[in-house]
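Below: the structure, in structure tokens.
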Amino acid sequence: MVKIISICSGKGGVGKTSVAINLGAALNAINKRTLIVDCNLTTSHIGLMFGFYSSGKTLNNFLRNENKLEEVVHTHSSGLAIIPAALELNELVNLETHDLKKSFKESFTNYDFIILDSAPGIGREALVSLRSCDEAVYVANPYIPSVVDILKTKSLSSQLGFYNLGLVVNKSTGKEYELSNEEIFKFTELPVIGTIPHDEAILKSLNSRVISFLSYPKSASSKAFYELAHKVAGLPFYQK
């Protein structure tokens, strides 16, 4: 059965979309059929990163009942499946977001994972992703404001009925002034399931509109995403 995972954060700018994209690519690389969905409707970036910025059909078309969900899926050259959101502001009108989880479960039974790139915070748009997931993975930077903001999103889990899989520490430099994983756990009571180092490979990929996990497979961040994908998939990981 397909598992739907929301990649969420308490605030913007922590690298949530980068985690969603690269985790999805890493899951696909370990033979888990994976679909990435851009649920950040007002500031969508997934399509841009995969070169689908003029793709035609998007999640918005489905949410306006103009297309079936299967009709708005695009396939990347890596084999990874993508549902982008529209870039144009006029595409935000008349969107019906109810029962999105049910639609995912019915339409994508042959997938292993659906990764939802959530809007940050706990506003109306973020709730689209949180209401549609089975599990949540939180993304934060190793600093107090970023970590504390996670608590607001986490508090919704019992109300909305999703499982808190854990927290990914992104953009870590290993400096002594950064919060340790143990300190982050004390703040959030969430297990740290991955630490992604600050890596120029990710920065290079942004303007090149490529996926760093695919273009820089030997980079430190790609190795970390590979390990994270094994944890998310429940598979043993052995450091090479």
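FYI, nothing fancy with the structure tokens labels: chains A, B, ... in order, residues from 1 per chain, ligands from 1 as they appear.
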
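Inside range 53-135 of chain A, the residues DSSP reads as strand (DSSP E or B) when given the backbone are His74, Thr75, Ala81, Ile82, Ile83, Phe113, Ile114, Ile115, Leu116, Asp117 and Glu135 of chain A.
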
Surrounding residues of range 112-128 of chain A excluding itself and chain neighbours under 2 positions, 6 Å, only C-alpha atoms, as a PyMOL selection string: chain A and resi 2-12+20+32-40+130-131+153

task: List the neighbours of Lys57 in chain A out to 9 Å using only C-alpha atoms; skip same-chain residues closer than 2 positions along the sequence, and give me the result as a count of residues only.
output: 15

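Of the listed residues (A:Asn65, A:Ser78, A:Ser219, A:Thr42), A:Ser78 comes nearest to Leu27 in chain A; the distances count only C-alpha atoms.
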
- request: May I have the residues within 8 Å of Leu23 in chain A as a PyMOL selection string, using only C-alpha atoms and disregarding those fewer than 6 positions away in the same chain?
  value: chain A and resi 225-226+228-229

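Atom to atom, CA of Glu227 in chain A and CA of Gly194 in chain A stand 7.8 Å apart.
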
All residues 12 Å or closer to Ser77 in chain A, only C-alpha atoms, same chain fewer than 4 positions away omitted, as a PyMOL selection string: chain A and resi 25+28+50-52+81-82+210-211+214

Sort by chain and increasing residue number a table of all residues of range 162-215 of chain A within 12 Å of range 44-48 of chain A, each with its closest pair of atoms and their distance in Å to one decimal, counting only C-alpha atoms, and write it as a Markdown table.
```
| residue | atom | partner | partner_atom | distance |
| --- | --- | --- | --- | --- |
| A:Ser205 | CA | A:Leu48 | CA | 11.7 |
| A:Leu206 | CA | A:Leu48 | CA | 9.5 |
| A:Asn207 | CA | A:Leu48 | CA | 9.9 |
| A:Ser208 | CA | A:Leu48 | CA | 10.3 |
| A:Arg209 | CA | A:Leu48 | CA | 6.9 |
| A:Val210 | CA | A:Leu48 | CA | 9.4 |
| A:Ile211 | CA | A:Ile46 | CA | 10.6 |
```
